>>> print(open('model35.cif').read())   # mmCIF, C-alpha atoms
data_run
#
loop_
_atom_site.label_atom_id
_atom_site.label_comp_id
_atom_site.auth_asym_id
_atom_site.auth_seq_id
_atom_site.Cartn_x
_atom_site.Cartn_y
_atom_site.Cartn_z
CA MET A 1394 17.03 -4.63 40.44
CA VAL A 1395 15.40 -7.00 37.92
CA VAL A 1396 12.18 -5.74 36.36
CA GLU A 1397 9.93 -8.52 35.10
CA GLN A 1398 8.17 -7.97 31.82
CA LEU A 1399 4.44 -8.72 31.88
CA GLU A 1400 3.49 -10.87 28.90
CA LEU A 1401 -0.13 -10.39 27.88
CA ASP A 1402 -2.18 -13.11 26.19
CA LEU A 1403 -4.30 -11.02 23.83
CA GLY A 1404 -6.18 -13.70 21.97
CA PRO A 1405 -7.50 -13.07 18.45
CA PRO A 1406 -8.31 -9.48 17.39
CA THR A 1407 -11.97 -8.44 17.56
CA PRO A 1408 -13.46 -8.13 14.05
CA ILE A 1409 -15.36 -4.92 13.32
CA SER A 1410 -17.84 -4.18 10.54
CA PRO A 1411 -20.14 -1.33 9.43
CA GLU A 1412 -22.88 -3.97 9.24
CA TYR A 1413 -22.93 -4.46 13.02
CA ILE A 1414 -25.79 -3.02 15.07
CA VAL A 1415 -25.56 -0.15 17.56
CA THR A 1416 -27.97 -0.50 20.50
CA LYS A 1417 -28.19 2.34 23.03
CA SER A 1418 -30.48 3.24 25.89
CA ASN A 1419 -32.72 6.19 25.03
CA VAL A 1420 -31.29 7.92 28.09
CA LEU A 1421 -27.96 8.07 26.21
CA ILE A 1422 -29.71 9.22 23.05
CA GLU A 1423 -31.00 12.25 24.95
CA THR A 1424 -27.77 12.98 26.82
CA PRO A 1425 -25.03 15.27 25.46
CA LEU A 1426 -22.13 12.92 24.70
CA ASN A 1427 -19.16 15.33 24.75
CA LEU A 1428 -17.55 13.65 21.71
CA ASP A 1429 -16.08 14.99 18.48
CA LEU A 1430 -16.66 13.23 15.15
CA GLN A 1431 -13.79 10.71 15.35
CA GLU A 1432 -14.41 9.99 19.03
CA SER A 1433 -18.07 9.36 18.20
CA ARG A 1434 -17.09 6.86 15.52
CA VAL A 1435 -14.83 5.00 17.96
CA ILE A 1436 -17.55 4.84 20.64
CA TYR A 1437 -20.28 3.74 18.22
CA THR A 1438 -17.99 1.07 16.78
CA LEU A 1439 -17.27 -0.18 20.30
CA ILE A 1440 -21.00 -0.23 21.12
CA SER A 1441 -21.68 -2.27 17.96
CA LEU A 1442 -19.45 -5.04 19.36
CA ILE A 1443 -21.80 -5.61 22.32
CA GLN A 1444 -23.90 -8.74 21.90
CA PRO A 1445 -27.51 -8.97 23.20
CA ASP A 1446 -26.59 -11.78 25.63
CA ASP A 1447 -23.40 -10.18 27.00
CA GLU A 1448 -23.45 -10.11 30.80
CA ASP A 1449 -20.48 -7.79 31.10
CA PHE A 1450 -18.33 -5.50 28.98
CA LYS A 1451 -15.57 -7.29 27.13
CA THR A 1452 -12.08 -6.02 26.48
CA HIS A 1453 -11.69 -5.67 22.70
CA HIS A 1454 -8.40 -5.83 20.81
CA ILE A 1455 -8.95 -4.07 17.50
CA ARG A 1456 -6.52 -3.86 14.62
CA VAL A 1457 -5.42 -0.25 14.18
CA LYS A 1458 -5.56 -0.63 10.41
CA GLU A 1459 -9.21 -1.74 10.55
CA PHE A 1460 -10.03 1.15 12.86
CA ALA A 1461 -8.42 3.56 10.37
CA GLU A 1462 -10.69 2.18 7.62
CA ILE A 1463 -13.81 2.47 9.79
CA LEU A 1464 -12.88 6.03 10.79
CA ASP A 1465 -12.10 6.93 7.16
CA LEU A 1466 -8.63 8.19 8.07
CA LYS A 1467 -6.60 9.30 5.08
CA GLU A 1468 -3.41 10.19 6.94
CA LYS A 1469 -0.37 8.03 6.25
CA ASN A 1470 0.45 7.95 9.95
CA PHE A 1471 -2.98 6.71 11.04
CA TYR A 1472 -1.40 4.89 14.01
CA LYS A 1473 -0.58 8.25 15.57
CA LYS A 1474 -4.02 9.68 14.78
CA ILE A 1475 -5.87 6.76 16.37
CA ARG A 1476 -3.69 6.99 19.45
CA GLU A 1477 -4.58 10.70 19.71
CA VAL A 1478 -8.30 9.90 19.40
CA VAL A 1479 -8.14 7.16 22.03
CA THR A 1480 -6.10 9.34 24.39
CA GLY A 1481 -8.69 12.10 23.98
CA LEU A 1482 -11.47 9.63 24.75
CA GLN A 1483 -9.78 8.65 28.00
CA ARG A 1484 -10.24 12.22 29.21
CA LYS A 1485 -13.85 12.64 28.07
CA GLN A 1486 -16.57 12.55 30.69
CA LEU A 1487 -20.25 11.86 30.25
CA VAL A 1488 -22.87 13.34 32.62
CA ILE A 1489 -26.05 11.24 32.82
CA ARG A 1490 -29.10 12.49 34.70
CA GLU A 1491 -30.58 9.61 36.68
CA ASN A 1492 -33.80 9.04 38.67
CA ASN A 1493 -35.67 11.86 36.91
CA GLY A 1494 -32.86 14.29 37.60
CA GLU A 1495 -32.50 13.45 41.30
CA SER A 1496 -28.90 12.34 40.75
CA GLU A 1497 -26.14 12.68 38.16
CA LEU A 1498 -23.60 10.09 37.08
CA VAL A 1499 -20.30 11.57 35.95
CA VAL A 1500 -18.34 8.85 34.19
CA ASN A 1501 -15.51 8.45 31.67
CA TRP A 1502 -16.42 6.59 28.49
CA LEU A 1503 -13.48 4.19 28.77
CA SER A 1504 -12.25 2.40 31.87
CA ALA A 1505 -8.94 1.64 30.16
CA SER A 1506 -7.10 1.59 26.86
CA ARG A 1507 -3.83 0.00 25.86
CA TYR A 1508 -1.80 0.39 22.69
CA HIS A 1509 0.14 -2.69 21.48
CA HIS A 1510 2.74 -1.16 19.19
CA ARG A 1511 4.34 -4.25 17.68
CA LYS A 1512 1.05 -6.04 17.11
CA GLY A 1513 -0.76 -3.01 15.65
CA LEU A 1514 -3.63 -3.39 18.13
CA VAL A 1515 -5.54 -0.99 20.34
CA GLU A 1516 -7.28 -2.38 23.43
CA LEU A 1517 -10.48 -0.70 24.63
CA GLU A 1518 -13.04 -1.31 27.37
CA PHE A 1519 -16.11 0.64 28.49
CA SER A 1520 -16.43 1.97 32.03
CA PRO A 1521 -18.53 -0.50 34.07
CA GLN A 1522 -20.90 2.27 35.23
CA LEU A 1523 -22.26 2.41 31.66
CA LYS A 1524 -23.70 -1.14 31.86
CA PRO A 1525 -27.32 -0.06 32.50
CA TYR A 1526 -27.23 2.03 29.32
CA LEU A 1527 -25.57 -0.45 26.94
CA LEU A 1528 -25.99 -4.03 28.24
CA LYS A 1529 -29.02 -6.37 28.12
CA LEU A 1530 -31.45 -3.64 27.13
CA LYS A 1531 -35.07 -4.82 27.16
CA LYS A 1532 -36.98 -1.53 26.77
CA ASP A 1533 -36.49 2.16 25.98
CA PHE A 1534 -33.61 1.66 23.55
CA THR A 1535 -32.78 2.57 19.96
CA ARG A 1536 -31.07 0.33 17.39
CA TYR A 1537 -29.51 1.10 14.03
CA LYS A 1538 -26.80 -0.15 11.71
CA LEU A 1539 -23.32 1.23 12.43
CA ALA A 1540 -22.90 2.13 8.74
CA ASN A 1541 -25.76 4.64 9.04
CA VAL A 1542 -23.71 6.92 11.32
CA LEU A 1543 -20.26 6.19 9.84
CA VAL A 1544 -21.30 7.84 6.56
CA LEU A 1545 -22.26 11.08 8.31
CA LYS A 1546 -19.64 13.82 8.21
CA SER A 1547 -20.29 15.80 11.40
CA LYS A 1548 -21.08 15.08 15.03
CA TYR A 1549 -24.22 17.22 14.65
CA SER A 1550 -25.66 15.08 11.86
CA ILE A 1551 -24.93 11.91 13.86
CA ARG A 1552 -26.80 13.29 16.87
CA MET A 1553 -29.71 14.46 14.67
CA TYR A 1554 -29.92 11.01 13.07
CA GLU A 1555 -30.08 9.37 16.50
CA LEU A 1556 -32.86 11.67 17.69
CA LEU A 1557 -34.87 11.04 14.51
CA LYS A 1558 -34.36 7.30 14.87
CA ARG A 1559 -35.33 7.49 18.55
CA TYR A 1560 -38.72 9.06 17.73
CA LEU A 1561 -39.37 7.26 14.44
CA ASN A 1562 -42.08 4.98 15.84
CA ILE A 1563 -43.63 7.72 17.96
CA GLY A 1564 -43.94 9.96 14.91
CA LYS A 1565 -42.88 13.30 16.34
CA ARG A 1566 -41.25 15.12 19.25
CA ARG A 1567 -41.15 18.86 19.80
CA PHE A 1568 -37.95 20.54 20.96
CA THR A 1569 -37.27 24.14 21.74
CA ILE A 1570 -34.28 25.52 19.84
CA GLU A 1571 -32.37 25.62 23.12
CA GLN A 1572 -33.17 21.95 23.88
CA LEU A 1573 -32.04 20.94 20.40
CA ARG A 1574 -28.87 23.05 20.67
CA ASN A 1575 -28.09 21.27 23.96
CA LEU A 1576 -28.68 17.78 22.55
CA LEU A 1577 -26.69 18.52 19.41
CA GLU A 1578 -23.95 20.08 21.57
CA ILE A 1579 -23.77 23.23 19.50
CA GLU A 1580 -21.19 25.69 20.76
CA PRO A 1581 -22.38 29.05 22.17
CA GLY A 1582 -22.85 31.64 19.45
CA LYS A 1583 -23.28 29.08 16.64
CA LEU A 1584 -26.53 28.10 14.91
CA THR A 1585 -28.55 30.50 17.01
CA HIS A 1586 -31.65 30.72 14.76
CA TYR A 1587 -34.12 28.14 13.47
CA GLY A 1588 -32.98 28.81 9.91
CA HIS A 1589 -29.45 27.73 10.83
CA LEU A 1590 -30.69 24.45 12.28
CA LYS A 1591 -32.88 23.83 9.24
CA GLN A 1592 -29.85 24.37 7.01
#
>>> encode(input="model35.cif", output="structure tokens")
Amino acid sequence: MVVEQLELDLGPPTPISPEYIVTKSNVLIETPLNLDLQESRVIYTLISLIQPDDEDFKTHHIRVKEFAEILDLKEKNFYKKIREVVTGLQRKQLVIRENNGESELVVNWLSASRYHHRKGLVELEFSPQLKPYLLKLKKDFTRYKLANVLVLKSKYSIRMYELLKRYLNIGKRRFTIEQLRNLLEIEPGKLTHYGHLKQ
């Protein structure tokens, strides 16, 4: 039996930069994201590649070496590390409450990923069900420079930054400790008192 090899026309790699802008629906800002630090950096970088006039999600081919720089990976074998992060992302689900809690969308962050070993590229694409929360946003969204979250060293500080940015123009928003623990995705038994959160 002859097995035909599928030859993929990848086109030029997608450039990435800390100067790009992340734009997210406020629904996502106030939804637990189920991401660790490196996974967060991958997702935010991917979001920053969305253009305001994009009608659909694009498939992005990103140089693994550039990704390693963005993610601040120090390991020599960063190819393996990025593959581990992307593989982990494939399994991660996001639960979005819709229609004032009348329904829930359970969706994976990525619809697909592909690793091009010889070319040193990783191919990523968002799940299409995330379009209402990332594409052609006209109201109820938050924008910030990608660099502002890449410099943060924990997933908690990234989430706190987003919440502060979300309510910057409003001036304030009150959370119970339990609401804040949920949004920051703090594990049970950790940071149980206000003093811990303040720290």
>>> closest_residue(input="model35.cif", among="A:Gln1431, A:Asn1501, A:Thr1569, A:Gln1444", to="Leu1527 in chain A", atoms="only C-alpha atoms")
A:Gln1444
>>> closest_atom_pairs(input="model35.cif", of="range 1401-1432 of chain A", to="range 1478-1496 of chain A", cutoff="9 Å", atoms="all atoms listed in the file", output="tab-separated table")
residue	atom	partner	partner_atom	distance
A:Val1420	CA	A:Ile1489	CA	7.8
A:Leu1421	CA	A:Ile1489	CA	7.6
A:Thr1424	CA	A:Ile1489	CA	6.5
A:Pro1425	CA	A:Leu1487	CA	7.6
A:Leu1426	CA	A:Leu1487	CA	6.0
A:Asn1427	CA	A:Leu1487	CA	6.6
A:Leu1428	CA	A:Lys1485	CA	7.4
A:Gln1431	CA	A:Val1478	CA	6.9
A:Glu1432	CA	A:Val1478	CA	6.1
>>> residues_around(input="model35.cif", residues="range 1545-1551 of chain A", least_positions_apart="2", cutoff="6 Å", atoms="only C-alpha atoms", output="list in words")
Leu1430, Val1542, Leu1543, Met1553, Tyr1554 and Leu1577 of chain A
>>> residues_around(input="model35.cif", residues="His1510 in chain A", least_positions_apart="4", cutoff="9 Å", atoms="all atoms listed in the file", output="PyMOL selection string")
chain A and resi 1472+1514-1515
>>> closest_residue(input="model35.cif", among="A:Asp1533, A:Asp1429, A:Asp1465, A:Glu1571", to="Arg1552 in chain A", atoms="all atoms listed in the file")
A:Asp1429
>>> residues_around(input="model35.cif", residues="Lys1558 in chain A", least_positions_apart="2", cutoff="12 Å", atoms="all atoms listed in the file", output="PyMOL selection string")
chain A and resi 1415-1417+1419+1422-1423+1534-1538+1541-1542+1551-1556+1560-1566
>>> write_last_selection(input="model35.cif", atoms="C-alpha atoms", output="mmCIF file, keeping the file's coordinate frame")
data_model
loop_
_atom_site.group_PDB
_atom_site.id
_atom_site.type_symbol
_atom_site.label_atom_id
_atom_site.label_comp_id
_atom_site.auth_asym_id
_atom_site.auth_seq_id
_atom_site.Cartn_x
_atom_site.Cartn_y
_atom_site.Cartn_z
ATOM 1 C CA VAL A 1415 -25.560 -0.150 17.560
ATOM 2 C CA THR A 1416 -27.970 -0.500 20.500
ATOM 3 C CA LYS A 1417 -28.190 2.340 23.030
ATOM 4 C CA ASN A 1419 -32.720 6.190 25.030
ATOM 5 C CA ILE A 1422 -29.710 9.220 23.050
ATOM 6 C CA GLU A 1423 -31.000 12.250 24.950
ATOM 7 C CA PHE A 1534 -33.610 1.660 23.550
ATOM 8 C CA THR A 1535 -32.780 2.570 19.960
ATOM 9 C CA ARG A 1536 -31.070 0.330 17.390
ATOM 10 C CA TYR A 1537 -29.510 1.100 14.030
ATOM 11 C CA LYS A 1538 -26.800 -0.150 11.710
ATOM 12 C CA ASN A 1541 -25.760 4.640 9.040
ATOM 13 C CA VAL A 1542 -23.710 6.920 11.320
ATOM 14 C CA ILE A 1551 -24.930 11.910 13.860
ATOM 15 C CA ARG A 1552 -26.800 13.290 16.870
ATOM 16 C CA MET A 1553 -29.710 14.460 14.670
ATOM 17 C CA TYR A 1554 -29.920 11.010 13.070
ATOM 18 C CA GLU A 1555 -30.080 9.370 16.500
ATOM 19 C CA LEU A 1556 -32.860 11.670 17.690
ATOM 20 C CA TYR A 1560 -38.720 9.060 17.730
ATOM 21 C CA LEU A 1561 -39.370 7.260 14.440
ATOM 22 C CA ASN A 1562 -42.080 4.980 15.840
ATOM 23 C CA ILE A 1563 -43.630 7.720 17.960
ATOM 24 C CA GLY A 1564 -43.940 9.960 14.910
ATOM 25 C CA LYS A 1565 -42.880 13.300 16.340
ATOM 26 C CA ARG A 1566 -41.250 15.120 19.250
#
>>> atom_distance(input="model35.cif", atom1="CA of Lys1583 in chain A", atom2="CA of Leu1557 in chain A")
21.5 Å
>>> atom_distance(input="model35.cif", atom1="CA of Ser1441 in chain A", atom2="CA of Arg1476 in chain A")
20.3 Å
>>> atom_distance(input="model35.cif", atom1="CA of His1453 in chain A", atom2="CA of Pro1408 in chain A")
9.2 Å
>>> closest_residue(input="model35.cif", among="A:Phe1471, A:Tyr1413, A:Trp1502, A:Phe1519", to="Thr1452 in chain A", atoms="only C-alpha atoms")
A:Phe1519
>>> closest_residue(input="model35.cif", among="A:Pro1581, A:Thr1407, A:Glu1462, A:Ser1418", to="Arg1434 in chain A", atoms="only C-alpha atoms")
A:Glu1462
>>> resolve_selection(input="model35.cif", expression="the PyMOL selection byres ((chain A and resi 1455) around 12)", output="MDAnalysis selection string")
chainID A and resid 1403:1410 1435 1438:1439 1442 1452:1454 1456:1463 1475 1506:1509 1512:1518
>>> resolve_selection(input="model35.cif", expression="the PyMOL selection byres ((chain A and resi 1446) around 10)", output="compact mmCIF listing (two decimals) with C-alpha atoms, keeping the file's coordinate frame")
# COMPACT_ATOMS: atom_id res chain seq x y z
CA ILE A 1443 -21.80 -5.61 22.32
CA GLN A 1444 -23.90 -8.74 21.90
CA PRO A 1445 -27.51 -8.97 23.20
CA ASP A 1447 -23.40 -10.18 27.00
CA GLU A 1448 -23.45 -10.11 30.80
CA ASP A 1449 -20.48 -7.79 31.10
CA LEU A 1528 -25.99 -4.03 28.24
CA LYS A 1529 -29.02 -6.37 28.12
CA LEU A 1530 -31.45 -3.64 27.13
>>> decode(input="model35.cif", residues="range 1519-1534 of chain A", atoms="all heavy atoms", output="short mmCIF file (atom, residue, chain, number, x, y, z; two decimals), in the first residue's frame")
data_model
loop_
_atom_site.label_atom_id
_atom_site.label_comp_id
_atom_site.auth_asym_id
_atom_site.auth_seq_id
_atom_site.Cartn_x
_atom_site.Cartn_y
_atom_site.Cartn_z
N PHE A 1519 -7.65 29.23 17.37
CA PHE A 1519 -8.68 29.24 18.40
C PHE A 1519 -9.89 28.42 18.00
O PHE A 1519 -10.21 28.28 16.81
CB PHE A 1519 -9.15 30.68 18.66
CG PHE A 1519 -8.27 31.46 19.59
CD1 PHE A 1519 -7.69 32.65 19.17
CD2 PHE A 1519 -8.03 31.03 20.88
CE1 PHE A 1519 -6.89 33.39 20.02
CE2 PHE A 1519 -7.23 31.76 21.74
CZ PHE A 1519 -6.66 32.94 21.32
N SER A 1520 -10.61 27.90 18.99
CA SER A 1520 -11.88 27.23 18.74
C SER A 1520 -12.89 28.26 18.22
O SER A 1520 -12.99 29.36 18.77
CB SER A 1520 -12.42 26.60 20.02
OG SER A 1520 -11.60 25.54 20.44
N PRO A 1521 -13.65 27.92 17.19
CA PRO A 1521 -14.58 28.89 16.59
C PRO A 1521 -15.66 29.38 17.55
O PRO A 1521 -16.18 30.49 17.39
CB PRO A 1521 -15.20 28.12 15.41
CG PRO A 1521 -14.87 26.68 15.64
CD PRO A 1521 -13.63 26.64 16.45
N GLN A 1522 -15.99 28.59 18.58
CA GLN A 1522 -17.03 29.03 19.53
C GLN A 1522 -16.61 30.24 20.35
O GLN A 1522 -17.43 30.89 21.00
CB GLN A 1522 -17.40 27.88 20.48
CG GLN A 1522 -18.14 26.74 19.82
CD GLN A 1522 -17.18 25.67 19.31
OE1 GLN A 1522 -15.97 25.91 19.18
NE2 GLN A 1522 -17.70 24.49 19.04
N LEU A 1523 -15.31 30.59 20.30
CA LEU A 1523 -14.82 31.75 21.06
C LEU A 1523 -14.95 33.06 20.28
O LEU A 1523 -14.61 34.12 20.80
CB LEU A 1523 -13.34 31.52 21.45
CG LEU A 1523 -13.09 30.43 22.48
CD1 LEU A 1523 -11.60 30.21 22.67
CD2 LEU A 1523 -13.75 30.78 23.82
N LYS A 1524 -15.45 33.00 19.05
CA LYS A 1524 -15.56 34.21 18.22
C LYS A 1524 -16.29 35.37 18.91
O LYS A 1524 -15.82 36.52 18.86
CB LYS A 1524 -16.26 33.87 16.90
CG LYS A 1524 -15.43 33.06 15.94
CD LYS A 1524 -16.23 32.76 14.67
CE LYS A 1524 -15.48 31.80 13.76
NZ LYS A 1524 -16.26 31.50 12.54
N PRO A 1525 -17.45 35.13 19.55
CA PRO A 1525 -18.16 36.27 20.16
C PRO A 1525 -17.37 36.98 21.25
O PRO A 1525 -17.69 38.12 21.60
CB PRO A 1525 -19.43 35.62 20.74
CG PRO A 1525 -19.58 34.31 20.05
CD PRO A 1525 -18.19 33.86 19.73
N TYR A 1526 -16.35 36.33 21.77
CA TYR A 1526 -15.60 36.88 22.90
C TYR A 1526 -14.25 37.47 22.49
O TYR A 1526 -13.57 38.09 23.32
CB TYR A 1526 -15.39 35.78 23.94
CG TYR A 1526 -16.71 35.14 24.34
CD1 TYR A 1526 -17.09 33.91 23.80
CD2 TYR A 1526 -17.58 35.79 25.21
CE1 TYR A 1526 -18.31 33.34 24.14
CE2 TYR A 1526 -18.80 35.22 25.54
CZ TYR A 1526 -19.17 34.00 24.99
OH TYR A 1526 -20.38 33.45 25.32
N LEU A 1527 -13.87 37.29 21.22
CA LEU A 1527 -12.55 37.76 20.78
C LEU A 1527 -12.57 38.50 19.44
O LEU A 1527 -11.62 39.24 19.14
CB LEU A 1527 -11.58 36.56 20.67
CG LEU A 1527 -11.24 35.84 21.98
CD1 LEU A 1527 -10.44 34.56 21.69
CD2 LEU A 1527 -10.47 36.75 22.92
N LEU A 1528 -13.61 38.34 18.64
CA LEU A 1528 -13.64 38.92 17.29
C LEU A 1528 -14.62 40.08 17.19
O LEU A 1528 -15.73 40.01 17.74
CB LEU A 1528 -14.04 37.87 16.25
CG LEU A 1528 -12.98 36.88 15.77
CD1 LEU A 1528 -13.60 35.95 14.74
CD2 LEU A 1528 -11.78 37.57 15.17
N LYS A 1529 -14.20 41.15 16.49
CA LYS A 1529 -15.07 42.28 16.14
C LYS A 1529 -15.85 42.80 17.35
O LYS A 1529 -17.08 42.97 17.31
CB LYS A 1529 -16.03 41.90 15.00
CG LYS A 1529 -15.32 41.49 13.72
CD LYS A 1529 -16.27 41.22 12.58
CE LYS A 1529 -16.81 42.50 11.98
NZ LYS A 1529 -15.77 43.28 11.30
N LEU A 1530 -15.13 43.04 18.43
CA LEU A 1530 -15.76 43.51 19.66
C LEU A 1530 -16.04 45.01 19.56
O LEU A 1530 -15.15 45.80 19.24
CB LEU A 1530 -14.86 43.22 20.86
CG LEU A 1530 -14.52 41.74 21.08
CD1 LEU A 1530 -13.55 41.59 22.25
CD2 LEU A 1530 -15.76 40.91 21.30
N LYS A 1531 -17.29 45.39 19.82
CA LYS A 1531 -17.71 46.79 19.71
C LYS A 1531 -18.00 47.41 21.07
O LYS A 1531 -17.98 48.62 21.23
CB LYS A 1531 -18.96 46.91 18.83
CG LYS A 1531 -18.81 46.35 17.42
CD LYS A 1531 -17.75 47.11 16.64
CE LYS A 1531 -17.66 46.57 15.19
NZ LYS A 1531 -16.55 47.22 14.45
N LYS A 1532 -18.34 46.59 22.07
CA LYS A 1532 -18.64 47.10 23.40
C LYS A 1532 -18.29 46.05 24.44
O LYS A 1532 -18.07 44.88 24.12
CB LYS A 1532 -20.12 47.48 23.51
CG LYS A 1532 -21.06 46.31 23.31
CD LYS A 1532 -22.52 46.75 23.46
CE LYS A 1532 -23.46 45.55 23.29
NZ LYS A 1532 -24.87 45.92 23.48
N ASP A 1533 -18.22 46.49 25.69
CA ASP A 1533 -17.93 45.59 26.82
C ASP A 1533 -16.68 44.76 26.60
O ASP A 1533 -16.69 43.53 26.68
CB ASP A 1533 -19.13 44.67 27.10
CG ASP A 1533 -20.37 45.44 27.53
OD1 ASP A 1533 -20.20 46.47 28.20
OD2 ASP A 1533 -21.48 45.02 27.18
N PHE A 1534 -15.58 45.44 26.30
CA PHE A 1534 -14.30 44.75 26.13
C PHE A 1534 -13.19 45.52 26.83
O PHE A 1534 -13.36 46.69 27.18
CB PHE A 1534 -13.96 44.54 24.65
CG PHE A 1534 -13.78 45.81 23.87
CD1 PHE A 1534 -12.55 46.48 23.83
CD2 PHE A 1534 -14.84 46.35 23.16
CE1 PHE A 1534 -12.39 47.65 23.11
CE2 PHE A 1534 -14.69 47.52 22.43
CZ PHE A 1534 -13.47 48.17 22.41
#
